[in-house]
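Colleague: Starting off with a structure, shown below.
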Amino acid sequence: MAEGGSNYQSTYVPKFNGDYDHWSMVMKNLIQSKECWNNVNVGYAVIREGEQATATQRKNFEENKLKDLKVLNYLFQSIDKSILKTITSKETSKQVWDAMKTKYQGSARVKRAQLQRLRRSFEVLEMKTGETVTDYLGRVMVIANEMRSCGDVMTDVTIVEKILRTHAENFNFIVCSIEESRDLDTMSVDELQSSLLVHEQKLMKKSPEDQALRAEQEASGGRGRGRGRSSFGRGRGRGRGRGSFDKSGVECYKCHNLGYFQYECPSERKP
């Protein structure tokens, strides 16, 4: 086999997958490397049957026609049959190229504009107060998947880092723990969601009643050390240590009235 034939057989022709910008760039480079780009970009003069032409004109025509057939072969290998059926009336490589440009470059521009909009939406995403982990991750993944469908390379690392940056304040502890103990480059979105859900379930179990009981137990534990030593105690000075804690919702465990702890109950002070 001739050297030229061997080179031709080994030529890699990229397949058109809907991304016109990438395909046209790679195909243009291939056609230029075969010294045939002028046929596609400008075209060539066609001599019709019976038309008068000089010997030089006919020679140029035959050379350009051969080049054009080579380019058409590359284009036919690259473009799917279902697309070729819509442009079968095109006879030259320039006509096929221009038809593809008209058909797909416009949609590529629309995709780029849509991708820019999605990127802006992704950047401003934040977890809302009171929003669940499942709902927030759902919002993030909807936009991430739409970006992927528009040709953006959206990796799990990007999504994981985005979620960790925009969590609610009550997730600070678990986020710090994840960042210190896990390799974010290998962490999947599912693994992150699992960790956040466990933390969310623990937060939901801590009701206001539980927090009030814990505060009362801490205050009662300091009672025996002397009046005024407890952070919620009566203190040696009036109101000392009491301004930062609202006891209006605290229920006394002895008389069940609101507004004070058990150790402050009036019945406790009776002789």
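Naming works like this for the structure tokens: A, B, ... for the chains as they're shown, residue 1 at the start of each chain, ligands 1 onward in shown order.
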Find the residues around region 81-94 of chain A up to 8 Å (only C-alpha atoms counted), leave out those fewer than 2 positions away in its own chain, and share them as a PyMOL selection string.
Modeller: chain A and resi 39-43+68-69+71-72+75-76+79+96-99
Colleague: If you keep N, CA, C and O atoms, can you produce a file of those selected residues as a PDB file, in the first residue's frame?
Modeller:
ATOM      1  N   ASN A  39     -11.373  24.582   0.050  1.00  0.00           N
ATOM      2  CA  ASN A  39     -12.581  24.040  -0.573  1.00  0.00           C
ATOM      3  C   ASN A  39     -13.812  24.262   0.299  1.00  0.00           C
ATOM      4  O   ASN A  39     -14.897  24.574  -0.193  1.00  0.00           O
ATOM      5  N   VAL A  40     -13.627  24.098   1.612  1.00  0.00           N
ATOM      6  CA  VAL A  40     -14.740  24.232   2.541  1.00  0.00           C
ATOM      7  C   VAL A  40     -15.049  25.696   2.815  1.00  0.00           C
ATOM      8  O   VAL A  40     -16.207  26.109   2.872  1.00  0.00           O
ATOM      9  N   ASN A  41     -14.016  26.492   2.975  1.00  0.00           N
ATOM     10  CA  ASN A  41     -14.192  27.880   3.380  1.00  0.00           C
ATOM     11  C   ASN A  41     -14.645  28.785   2.224  1.00  0.00           C
ATOM     12  O   ASN A  41     -15.492  29.662   2.400  1.00  0.00           O
ATOM     13  N   VAL A  42     -14.072  28.538   1.036  1.00  0.00           N
ATOM     14  CA  VAL A  42     -14.363  29.397  -0.119  1.00  0.00           C
ATOM     15  C   VAL A  42     -15.145  28.656  -1.195  1.00  0.00           C
ATOM     16  O   VAL A  42     -16.021  29.207  -1.859  1.00  0.00           O
ATOM     17  N   GLY A  43     -14.852  27.377  -1.361  1.00  0.00           N
ATOM     18  CA  GLY A  43     -15.449  26.619  -2.458  1.00  0.00           C
ATOM     19  C   GLY A  43     -14.538  26.639  -3.679  1.00  0.00           C
ATOM     20  O   GLY A  43     -13.407  27.129  -3.612  1.00  0.00           O
ATOM     21  N   ASP A  68     -12.226  17.900  -2.863  1.00  0.00           N
ATOM     22  CA  ASP A  68     -13.571  18.041  -2.291  1.00  0.00           C
ATOM     23  C   ASP A  68     -14.175  16.680  -1.954  1.00  0.00           C
ATOM     24  O   ASP A  68     -14.859  16.530  -0.939  1.00  0.00           O
ATOM     25  N   LEU A  69     -13.911  15.698  -2.792  1.00  0.00           N
ATOM     26  CA  LEU A  69     -14.398  14.347  -2.512  1.00  0.00           C
ATOM     27  C   LEU A  69     -13.765  13.791  -1.244  1.00  0.00           C
ATOM     28  O   LEU A  69     -14.412  13.077  -0.461  1.00  0.00           O
ATOM     29  N   VAL A  71     -12.731  15.623   1.354  1.00  0.00           N
ATOM     30  CA  VAL A  71     -13.365  16.309   2.482  1.00  0.00           C
ATOM     31  C   VAL A  71     -14.774  15.766   2.712  1.00  0.00           C
ATOM     32  O   VAL A  71     -15.201  15.553   3.855  1.00  0.00           O
ATOM     33  N   LEU A  72     -15.519  15.538   1.629  1.00  0.00           N
ATOM     34  CA  LEU A  72     -16.869  14.974   1.766  1.00  0.00           C
ATOM     35  C   LEU A  72     -16.826  13.618   2.457  1.00  0.00           C
ATOM     36  O   LEU A  72     -17.703  13.285   3.259  1.00  0.00           O
ATOM     37  N   LEU A  75     -16.487  14.253   6.116  1.00  0.00           N
ATOM     38  CA  LEU A  75     -17.757  14.759   6.655  1.00  0.00           C
ATOM     39  C   LEU A  75     -18.789  13.648   6.767  1.00  0.00           C
ATOM     40  O   LEU A  75     -19.519  13.547   7.764  1.00  0.00           O
ATOM     41  N   PHE A  76     -18.873  12.792   5.770  1.00  0.00           N
ATOM     42  CA  PHE A  76     -19.845  11.703   5.795  1.00  0.00           C
ATOM     43  C   PHE A  76     -19.531  10.701   6.905  1.00  0.00           C
ATOM     44  O   PHE A  76     -20.435  10.108   7.503  1.00  0.00           O
ATOM     45  N   ILE A  79     -20.592  12.660  10.344  1.00  0.00           N
ATOM     46  CA  ILE A  79     -21.986  13.036  10.607  1.00  0.00           C
ATOM     47  C   ILE A  79     -22.877  11.804  10.599  1.00  0.00           C
ATOM     48  O   ILE A  79     -22.779  10.945   9.724  1.00  0.00           O
ATOM     49  N   VAL A  96     -22.224  21.251   2.452  1.00  0.00           N
ATOM     50  CA  VAL A  96     -22.489  20.429   3.637  1.00  0.00           C
ATOM     51  C   VAL A  96     -22.063  21.166   4.898  1.00  0.00           C
ATOM     52  O   VAL A  96     -22.788  21.196   5.901  1.00  0.00           O
ATOM     53  N   TRP A  97     -20.873  21.771   4.847  1.00  0.00           N
ATOM     54  CA  TRP A  97     -20.350  22.506   6.009  1.00  0.00           C
ATOM     55  C   TRP A  97     -21.284  23.661   6.390  1.00  0.00           C
ATOM     56  O   TRP A  97     -21.604  23.859   7.555  1.00  0.00           O
ATOM     57  N   ASP A  98     -21.704  24.432   5.397  1.00  0.00           N
ATOM     58  CA  ASP A  98     -22.589  25.572   5.655  1.00  0.00           C
ATOM     59  C   ASP A  98     -23.945  25.115   6.189  1.00  0.00           C
ATOM     60  O   ASP A  98     -24.549  25.787   7.039  1.00  0.00           O
ATOM     61  N   ALA A  99     -24.420  23.976   5.704  1.00  0.00           N
ATOM     62  CA  ALA A  99     -25.697  23.455   6.193  1.00  0.00           C
ATOM     63  C   ALA A  99     -25.593  23.059   7.662  1.00  0.00           C
ATOM     64  O   ALA A  99     -26.511  23.328   8.459  1.00  0.00           O
TER      65      ALA A  99
END
Colleague: Can you tell me which residues surround Gln57 (chain A) at a distance of at most 9 Å, considering only C-alpha atoms, apart from same-chain residues fewer than 5 positions away, and format the answer as a PyMOL selection string?
Modeller: chain A and resi 45+47+62
Colleague: Please produce a file of the residues just selected, as an mmCIF file, in the first residue's frame, where the atoms kept are all heavy atoms.
Modeller:
data_model
loop_
_atom_site.group_PDB
_atom_site.id
_atom_site.type_symbol
_atom_site.label_atom_id
_atom_site.label_comp_id
_atom_site.auth_asym_id
_atom_site.auth_seq_id
_atom_site.Cartn_x
_atom_site.Cartn_y
_atom_site.Cartn_z
ATOM 1 N N ALA A 45 -14.567 26.704 -8.279
ATOM 2 C CA ALA A 45 -15.345 26.938 -9.505
ATOM 3 C C ALA A 45 -15.678 25.603 -10.159
ATOM 4 O O ALA A 45 -14.793 24.782 -10.411
ATOM 5 C CB ALA A 45 -14.560 27.836 -10.456
ATOM 6 N N ILE A 47 -17.065 23.426 -13.326
ATOM 7 C CA ILE A 47 -17.231 23.470 -14.787
ATOM 8 C C ILE A 47 -18.320 22.475 -15.155
ATOM 9 O O ILE A 47 -18.178 21.264 -14.953
ATOM 10 C CB ILE A 47 -15.914 23.120 -15.503
ATOM 11 C CG1 ILE A 47 -14.817 24.120 -15.134
ATOM 12 C CG2 ILE A 47 -16.122 23.106 -17.018
ATOM 13 C CD1 ILE A 47 -13.464 23.802 -15.731
ATOM 14 N N GLU A 62 -10.384 19.621 -11.763
ATOM 15 C CA GLU A 62 -10.220 18.206 -11.435
ATOM 16 C C GLU A 62 -9.496 18.037 -10.099
ATOM 17 O O GLU A 62 -9.851 17.171 -9.279
ATOM 18 C CB GLU A 62 -9.459 17.477 -12.550
ATOM 19 C CG GLU A 62 -10.219 17.375 -13.864
ATOM 20 C CD GLU A 62 -11.509 16.585 -13.740
ATOM 21 O OE1 GLU A 62 -11.582 15.693 -12.860
ATOM 22 O OE2 GLU A 62 -12.443 16.858 -14.513
#
Colleague: Find, counting only C-alpha atoms, the residue in A:Leu66, A:Met204, A:Leu164, A:Ile31 that gets nearest to Met187 (chain A).
Modeller: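 For Met187 (chain A), the nearest of the given residues is A:Leu164.
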Colleague: Tell me, in Å to one decimal, how far CA of Leu184 (chain A) is from CA of Val142 (chain A).
Modeller: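 For CA of Leu184 (chain A) relative to CA of Val142 (chain A), the distance reads 21.1 Å.
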Colleague: Write out as a PyMOL selection string each polymer residue whose atoms come within 9 Å of Leu125 (chain A), counting only C-alpha atoms; drop sequence neighbours fewer than 6 positions from it.
Modeller: chain A and resi 139-140+162-163+166
Colleague: DSSP on the backbone: what in region 123-167 of chain A comes out helix (DSSP H, G or I), as JSON, numbers by chain?
Modeller: {"A": [123, 124, 133, 134, 135, 136, 137, 138, 139, 140, 141, 142, 143, 144, 145, 146, 147, 148, 149, 156, 157, 158, 159, 160, 161, 162, 163, 164, 165]}
Colleague: A:Cys265, A:Val46, A:Leu115, A:Met25: which is nearest Lys101 (chain A), counting only C-alpha atoms?
Modeller: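 The shortest atom-to-atom distance to Lys101 (chain A) comes from A:Met25.
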Colleague: Report, in Å to a single decimal, how far apart CA of Met100 (chain A) and CA of Asn60 (chain A) are.
Modeller: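 Rounded to one decimal, the two atoms are 26.7 Å apart.
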Colleague: Quick one: pull the distance between CA of Ala108 (chain A) and CA of Cys36 (chain A), Å, one decimal.
Modeller: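 Interatomic distance, CA of Ala108 (chain A) to CA of Cys36 (chain A): 25.5 Å.
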Colleague: Would you mind listing what lies within 7 Å of region 20-23 of chain A as a list in words, with only C-alpha atoms counted and same-chain residues fewer than 3 positions away left out?
Modeller: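 Here the answer would be Phe16, Val26, Met27, Tyr104, Gln105 and Ala108 of chain A.
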Colleague: Write the residues of the selection above to a file with N, CA, C and O atoms, as a short mmCIF file (atom, residue, chain, number, x, y, z; two decimals), in the first residue's frame.
Modeller:
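Once everything was written out, this is result-v7.cif:
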data_model
loop_
_atom_site.label_atom_id
_atom_site.label_comp_id
_atom_site.auth_asym_id
_atom_site.auth_seq_id
_atom_site.Cartn_x
_atom_site.Cartn_y
_atom_site.Cartn_z
N PHE A 16 -19.70 13.70 15.19
CA PHE A 16 -20.51 14.83 15.65
C PHE A 16 -21.50 14.33 16.70
O PHE A 16 -22.30 13.44 16.44
N VAL A 26 -12.47 20.78 15.71
CA VAL A 26 -11.65 19.59 15.43
C VAL A 26 -11.66 19.25 13.94
O VAL A 26 -10.62 18.91 13.35
N MET A 27 -12.82 19.34 13.31
CA MET A 27 -12.93 19.04 11.88
C MET A 27 -12.14 20.04 11.05
O MET A 27 -11.49 19.68 10.06
N TYR A 104 -26.81 23.96 13.35
CA TYR A 104 -26.41 23.69 14.73
C TYR A 104 -25.70 24.83 15.45
O TYR A 104 -25.67 24.84 16.68
N GLN A 105 -25.14 25.78 14.74
CA GLN A 105 -24.44 26.85 15.46
C GLN A 105 -25.41 27.72 16.24
O GLN A 105 -25.12 28.17 17.34
N ALA A 108 -26.20 26.05 19.41
CA ALA A 108 -25.03 26.11 20.30
C ALA A 108 -25.00 27.43 21.04
O ALA A 108 -24.65 27.50 22.22
#
Colleague: For Ile174 (chain A), work out the shell of residues within 10 Å, counting only C-alpha atoms and skipping chain neighbours fewer than 2 positions away, then give it as a VMD selection string.
Modeller: chain A and resid 164 170 to 172 176 to 180 195 to 196 198 to 200
Colleague: Could you check which of A:Met141, A:Ala53, A:Val124, A:Val110 is closest to Met154 (chain A), using only C-alpha atoms?
Modeller: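 For Met154 (chain A), the nearest of the candidates is A:Met141.
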